[in-house]
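Peer 1: Below is final13.tsv; it holds TSV, C-alpha atoms (C1' of nucleotides).
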```
chain	number	residue	atom	x	y	z
A	1	MET	CA	0.00	0.00	0.00
A	2	ASP	CA	1.29	3.40	-0.98
A	3	ASN	CA	1.06	6.52	1.16
A	4	ARG	CA	1.63	10.26	1.03
A	5	ILE	CA	3.54	10.64	4.28
A	6	ALA	CA	6.85	11.76	2.79
A	7	ALA	CA	5.07	14.18	0.46
A	8	LEU	CA	3.02	15.80	3.22
A	9	ARG	CA	6.02	15.94	5.46
A	10	LYS	CA	8.09	17.75	2.85
A	11	GLU	CA	5.26	20.14	2.03
A	12	ARG	CA	5.26	21.23	5.64
A	13	ARG	CA	9.01	21.00	6.12
A	14	ILE	CA	8.82	18.52	8.94
A	15	SER	CA	11.66	16.09	9.57
A	16	GLN	CA	11.15	12.35	10.02
A	17	ALA	CA	12.30	12.76	13.60
A	18	GLU	CA	9.70	15.44	14.30
A	19	LEU	CA	6.88	13.38	12.85
A	20	ALA	CA	8.06	10.28	14.68
A	21	GLU	CA	8.00	12.08	17.98
A	22	ALA	CA	4.61	13.67	17.27
A	23	VAL	CA	2.97	10.29	16.73
A	24	ALA	CA	5.06	8.52	19.34
A	25	VAL	CA	6.99	6.01	17.26
A	26	THR	CA	10.66	5.73	16.37
A	27	ARG	CA	12.24	7.38	13.36
A	28	GLN	CA	12.84	3.90	12.01
A	29	THR	CA	9.12	3.34	11.82
A	30	ILE	CA	8.55	6.51	9.79
A	31	ILE	CA	11.37	5.59	7.42
A	32	SER	CA	9.93	2.12	6.97
A	33	LEU	CA	6.45	3.46	6.26
A	34	GLU	CA	7.70	6.04	3.78
A	35	SER	CA	9.86	3.55	1.96
A	36	GLY	CA	7.02	1.05	1.80
A	37	ARG	CA	8.79	-1.59	3.84
A	38	TYR	CA	5.53	-2.24	5.65
A	39	ASN	CA	2.10	-0.80	6.37
A	40	ALA	CA	1.10	1.24	9.36
A	41	SER	CA	-1.17	-0.22	12.01
A	42	LEU	CA	-4.65	1.27	12.14
A	43	LEU	CA	-3.82	3.22	15.26
A	44	LEU	CA	-0.64	4.69	13.84
A	45	ALA	CA	-2.41	5.51	10.57
A	46	HIS	CA	-4.98	7.40	12.59
A	47	LYS	CA	-2.38	9.33	14.55
A	48	ILE	CA	-0.56	10.32	11.39
A	49	ALA	CA	-3.77	11.36	9.64
A	50	LYS	CA	-4.77	13.40	12.66
A	51	TYR	CA	-1.34	15.01	12.81
A	52	PHE	CA	-1.70	16.14	9.21
A	53	GLY	CA	-5.31	17.16	9.69
A	54	ALA	CA	-6.48	14.64	7.11
A	55	THR	CA	-8.39	11.36	7.00
A	56	ILE	CA	-6.72	7.98	6.80
A	57	GLU	CA	-8.11	7.56	3.30
A	58	ASP	CA	-6.47	10.84	2.27
A	59	ILE	CA	-3.01	9.67	3.23
A	60	PHE	CA	-3.00	5.93	2.66
A	61	LEU	CA	-3.60	4.83	-0.89
A	62	PHE	CA	-5.44	1.56	-1.23
A	63	GLU	CA	-4.98	0.57	-4.81
A	64	GLU	CA	-7.36	-2.34	-4.84
A	65	GLU	CA	-4.34	-4.58	-4.72
A	66	ASP	CA	-6.66	-7.35	-3.68
A	67	HIS	CA	-8.41	-7.66	-7.02
A	68	GLU	CA	-8.65	-11.07	-8.60
A	69	ALA	CA	-7.61	-9.74	-11.99
A	70	GLN	CA	-4.13	-10.68	-13.16
A	71	LEU	CA	-3.46	-8.30	-16.04
B	72	MET	CA	-10.02	0.71	19.99
B	73	ASP	CA	-13.75	0.25	19.65
B	74	ASN	CA	-15.61	-0.38	16.39
B	75	ARG	CA	-19.10	-0.59	14.95
B	76	ILE	CA	-18.68	-3.77	12.96
B	77	ALA	CA	-21.15	-5.88	14.91
B	78	ALA	CA	-23.71	-3.07	14.90
B	79	LEU	CA	-23.48	-2.49	11.16
B	80	ARG	CA	-23.56	-6.19	10.52
B	81	LYS	CA	-26.72	-6.65	12.55
B	82	GLU	CA	-28.38	-3.64	10.94
B	83	ARG	CA	-27.93	-5.29	7.59
B	84	ARG	CA	-28.58	-8.85	8.83
B	85	ILE	CA	-25.24	-10.17	7.67
B	86	SER	CA	-23.62	-13.10	9.47
B	87	GLN	CA	-20.02	-13.09	10.66
B	88	ALA	CA	-19.29	-15.79	8.10
B	89	GLU	CA	-20.68	-13.70	5.26
B	90	LEU	CA	-18.66	-10.65	6.25
B	91	ALA	CA	-15.54	-12.74	6.74
B	92	GLU	CA	-15.84	-14.16	3.25
B	93	ALA	CA	-16.57	-10.75	1.73
B	94	VAL	CA	-13.36	-9.27	3.11
B	95	ALA	CA	-11.37	-12.46	2.71
B	96	VAL	CA	-10.48	-13.30	6.29
B	97	THR	CA	-11.59	-16.11	8.58
B	98	ARG	CA	-14.63	-15.95	10.80
B	99	GLN	CA	-12.26	-16.02	13.76
B	100	THR	CA	-10.83	-12.72	12.68
B	101	ILE	CA	-14.25	-11.06	12.56
B	102	ILE	CA	-15.14	-12.45	15.98
B	103	SER	CA	-11.87	-11.17	17.41
B	104	LEU	CA	-12.37	-7.72	15.94
B	105	GLU	CA	-15.95	-7.47	17.17
B	106	SER	CA	-15.06	-8.64	20.63
B	107	GLY	CA	-12.16	-6.24	20.83
B	108	ARG	CA	-9.50	-8.91	21.16
B	109	TYR	CA	-7.34	-6.95	18.74
B	110	ASN	CA	-7.39	-4.23	16.12
B	111	ALA	CA	-7.75	-4.67	12.40
B	112	SER	CA	-4.81	-4.06	10.12
B	113	LEU	CA	-5.09	-0.96	7.97
B	114	LEU	CA	-5.83	-3.04	4.90
B	115	LEU	CA	-8.56	-5.06	6.58
B	116	ALA	CA	-10.05	-1.90	8.07
B	117	HIS	CA	-10.22	-0.47	4.58
B	118	LYS	CA	-11.88	-3.56	3.15
B	119	ILE	CA	-14.48	-3.60	5.90
B	120	ALA	CA	-15.20	0.11	5.51
B	121	LYS	CA	-15.54	-0.33	1.79
B	122	TYR	CA	-17.83	-3.30	2.25
B	123	PHE	CA	-20.14	-1.20	4.41
B	124	GLY	CA	-19.86	1.81	2.13
B	125	ALA	CA	-18.32	3.90	4.89
B	126	THR	CA	-14.97	5.42	5.79
B	127	ILE	CA	-12.53	3.84	8.21
B	128	GLU	CA	-13.14	6.69	10.61
B	129	ASP	CA	-16.89	5.97	10.52
B	130	ILE	CA	-16.44	2.41	11.67
B	131	PHE	CA	-13.38	2.41	13.89
B	132	LEU	CA	-13.65	4.58	16.97
B	133	PHE	CA	-10.38	6.12	18.07
B	134	GLU	CA	-11.07	7.37	21.54
B	135	GLU	CA	-7.83	9.22	22.05
B	136	GLU	CA	-6.75	6.33	24.23
B	137	ASP	CA	-3.26	7.63	23.89
B	138	HIS	CA	-3.80	10.68	26.07
B	139	GLU	CA	-1.37	11.36	28.85
B	140	ALA	CA	-4.14	11.87	31.36
B	141	GLN	CA	-4.57	9.17	34.00
B	142	LEU	CA	-7.98	9.87	35.55
C	143	DG	C1'	36.75	22.28	6.70
C	144	DG	C1'	34.32	20.81	10.66
C	145	DT	C1'	29.92	20.23	12.99
C	146	DT	C1'	25.05	19.54	13.01
C	147	DT	C1'	20.96	17.98	10.98
C	148	DT	C1'	18.58	14.91	8.12
C	149	DA	C1'	17.92	10.67	5.79
C	150	DG	C1'	19.11	6.00	5.07
C	151	DT	C1'	20.61	0.80	5.89
C	152	DA	C1'	20.95	-3.35	8.84
C	153	DT	C1'	19.71	-6.57	12.28
C	154	DA	C1'	17.97	-8.83	16.47
C	155	DG	C1'	13.95	-9.23	19.19
C	156	DC	C1'	9.14	-8.68	20.90
C	157	DA	C1'	4.12	-8.11	20.30
C	158	DC	C1'	0.20	-8.60	17.67
C	159	DG	C1'	-2.82	-9.58	13.42
C	160	DC	C1'	-4.46	-13.48	11.19
C	161	DT	C1'	-4.94	-18.55	10.13
C	162	DT	C1'	-6.20	-23.17	11.20
C	163	DT	C1'	-8.44	-26.65	13.69
C	164	DA	C1'	-11.42	-28.29	17.06
C	165	DC	C1'	-14.96	-27.95	20.16
C	166	DA	C1'	-19.21	-25.62	22.81
C	167	DT	C1'	-23.59	-23.30	22.94
C	168	DA	C1'	-27.68	-21.00	21.40
C	169	DT	C1'	-31.40	-20.21	18.26
C	170	DC	C1'	-34.44	-21.47	14.80
C	171	DG	C1'	-37.24	-24.20	11.52
C	172	DT	C1'	-39.42	-28.37	10.85
D	173	DA	C1'	-36.79	-33.68	19.25
D	174	DC	C1'	-33.50	-33.13	15.52
D	175	DG	C1'	-30.53	-30.78	12.20
D	176	DA	C1'	-28.99	-26.46	10.44
D	177	DT	C1'	-27.31	-21.89	11.15
D	178	DA	C1'	-24.96	-18.48	13.95
D	179	DT	C1'	-21.93	-17.14	17.64
D	180	DG	C1'	-18.36	-18.08	20.71
D	181	DT	C1'	-13.76	-19.99	23.08
D	182	DA	C1'	-9.01	-21.98	22.93
D	183	DA	C1'	-4.46	-22.71	21.40
D	184	DA	C1'	-0.47	-23.36	18.27
D	185	DG	C1'	2.00	-21.18	14.54
D	186	DC	C1'	3.45	-17.69	11.05
D	187	DG	C1'	4.32	-13.12	9.19
D	188	DT	C1'	4.78	-8.37	10.06
D	189	DG	C1'	4.54	-3.84	12.69
D	190	DC	C1'	7.47	-1.60	15.76
D	191	DT	C1'	11.56	-0.96	18.94
D	192	DA	C1'	16.37	-0.43	19.87
D	193	DT	C1'	20.96	0.15	18.65
D	194	DA	C1'	24.66	1.06	15.66
D	195	DC	C1'	26.53	2.72	11.72
D	196	DT	C1'	26.82	5.41	6.86
D	197	DA	C1'	26.28	9.43	4.07
D	198	DA	C1'	24.49	13.72	2.19
D	199	DA	C1'	23.05	18.40	2.87
D	200	DA	C1'	23.29	22.67	5.44
D	201	DC	C1'	25.26	25.95	8.13
D	202	DC	C1'	29.01	28.49	10.32
```
Translate the structure described by the file into structure tokens.

Peer 2:
Amino acid sequence: MDNRIAALRKERRISQAELAEAVAVTRQTIISLESGRYNASLLLAHKIAKYFGATIEDIFLFEEEDHEAQL
Amino acid sequence: MDNRIAALRKERRISQAELAEAVAVTRQTIISLESGRYNASLLLAHKIAKYFGATIEDIFLFEEEDHEAQL
DNA sequence: GGTTTTAGTATAGCACGCTTTACATATCGT
DNA sequence: ACGATATGTAAAGCGTGCTATACTAAAACC
């Protein structure tokens, strides 16, 4: 699943460390989310969305990866 | 974190098994979510929200459990 | 040029989301 | 009363979200 964390962060000139602290995770976690190493938990997704004043759906991009179709 | 899965399900007279199949998890998973044993992953939360035609924020209730306050 | 800040990689370890299987109980239709 | 449907509990096992620590490297600032 893709997300707009890095983009939003850069828009607002916030460092990974600042965001990490604001949502109470480590910087490693932010890096891993931004680089797509894994997905956020629902709780963390909520905290991040709230921090950016957006909804979860605004920030996390669900690309219907779970479709049956194999193009 | 609380959620309205059971409520929405009952409103629409859908069984746990039906919902489970619709979002491609086991019935156990639905039971565990409804009974608060654990939280959905972001992807599953999205599938459930989509299934009910709602947003994640509509269904999953984030009660600011992460406040500092210890009443 | 040296220091600080920011971003990145790597890895071990723990907790939790989800599966699988098996069994228990309640409700409902007949 | 019996079988079917729906809800629930329990426990072992796997993958992954997140932590912690340590180290590398680029950009920025003086």

Peer 1: Ranking C:DA149, C:DT172, C:DT162, C:DG144 by minimum distance to DA198 of chain D and counting only C-alpha atoms (C1' of nucleotides), which one comes first?

Peer 2: C:DA149

Peer 1: With chain A as the partner and 8 Å as the cut-off, tabulate the residues of chain D that qualify, each row holding the nearest pair of atoms and their distance in Å to one decimal, using all atoms listed in the file, sorted by chain and rising number, as a tab-separated table.

Peer 2:
```
residue	atom	partner	partner_atom	distance
D:DT188	C1'	A:Tyr38	CA	7.6
D:DG189	C1'	A:Ser41	CA	6.8
D:DC190	C1'	A:Thr29	CA	6.5
D:DT191	C1'	A:Thr26	CA	7.2
```

Peer 1: Please return, as a PyMOL selection string, all polymer residues that have at least one atom within 7 Å of the point (-14.8, -23.6, 24.4); use all atoms listed in the file and the file's own coordinate frame.

Peer 2: (chain C and resi 165-166) or (chain D and resi 181-182)

Peer 1: Select all residues from chain C having any atom no more than 10 Å from an atom of chain B (counting all atoms listed in the file, ignoring ligands), output as a PDB file with C-alpha atoms (C1' of nucleotides), in the coordinates of the input.

Peer 2:
```
ATOM      1  C1'  DC C 158       0.200  -8.600  17.670  1.00  0.00           C
ATOM      2  C1'  DG C 159      -2.820  -9.580  13.420  1.00  0.00           C
ATOM      3  C1'  DC C 160      -4.460 -13.480  11.190  1.00  0.00           C
ATOM      4  C1'  DT C 161      -4.940 -18.550  10.130  1.00  0.00           C
ATOM      5  C1'  DT C 162      -6.200 -23.170  11.200  1.00  0.00           C
TER       6       DT C 162
END
```

Peer 1: Kindly give the distance, in Å, that separates atom CA of Met1 of chain A and atom CA of Glu92 of chain B, rounded to a single decimal.

Peer 2: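 Spanning atom CA of Met1 of chain A to atom CA of Glu92 of chain B is a straight-line distance of 21.5 Å.
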
Peer 1: From the set A:Tyr51, A:Ile59, A:Val23, A:Gly36, which residue has the shortest atom-to-atom contact distance to Ile5 of chain A, counting all atoms listed in the file?

Peer 2: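 Among the listed residues, A:Ile59 lies closest to Ile5 of chain A.
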
Peer 1: For the atom pair atom CA of Ile31 of chain A and atom CA of Ala17 of chain A, what is the interatomic distance in Å to one decimal place?

Peer 2: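 Between atom CA of Ile31 of chain A and atom CA of Ala17 of chain A the gap works out to 9.5 Å.
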
Peer 1: What is the distance, in Å and to one decimal place, between atom C1' of DG143 of chain C and atom CA of Ser15 of chain A?

Peer 2: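 Going from atom C1' of DG143 of chain C over to atom CA of Ser15 of chain A, I get 26.0 Å.
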
Peer 1: Take every atom of segment 90-106 of chain B listed in the file, pad by 3 Å on each side, and give me the axis-aligned box centre and edge lengths in Å, one decimal, as AutoDock Vina command-line options.

Peer 2:
```
--center_x -14.6 --center_y -11.8 --center_z 11.2 --size_x 14.2 --size_y 14.6 --size_z 24.9
```
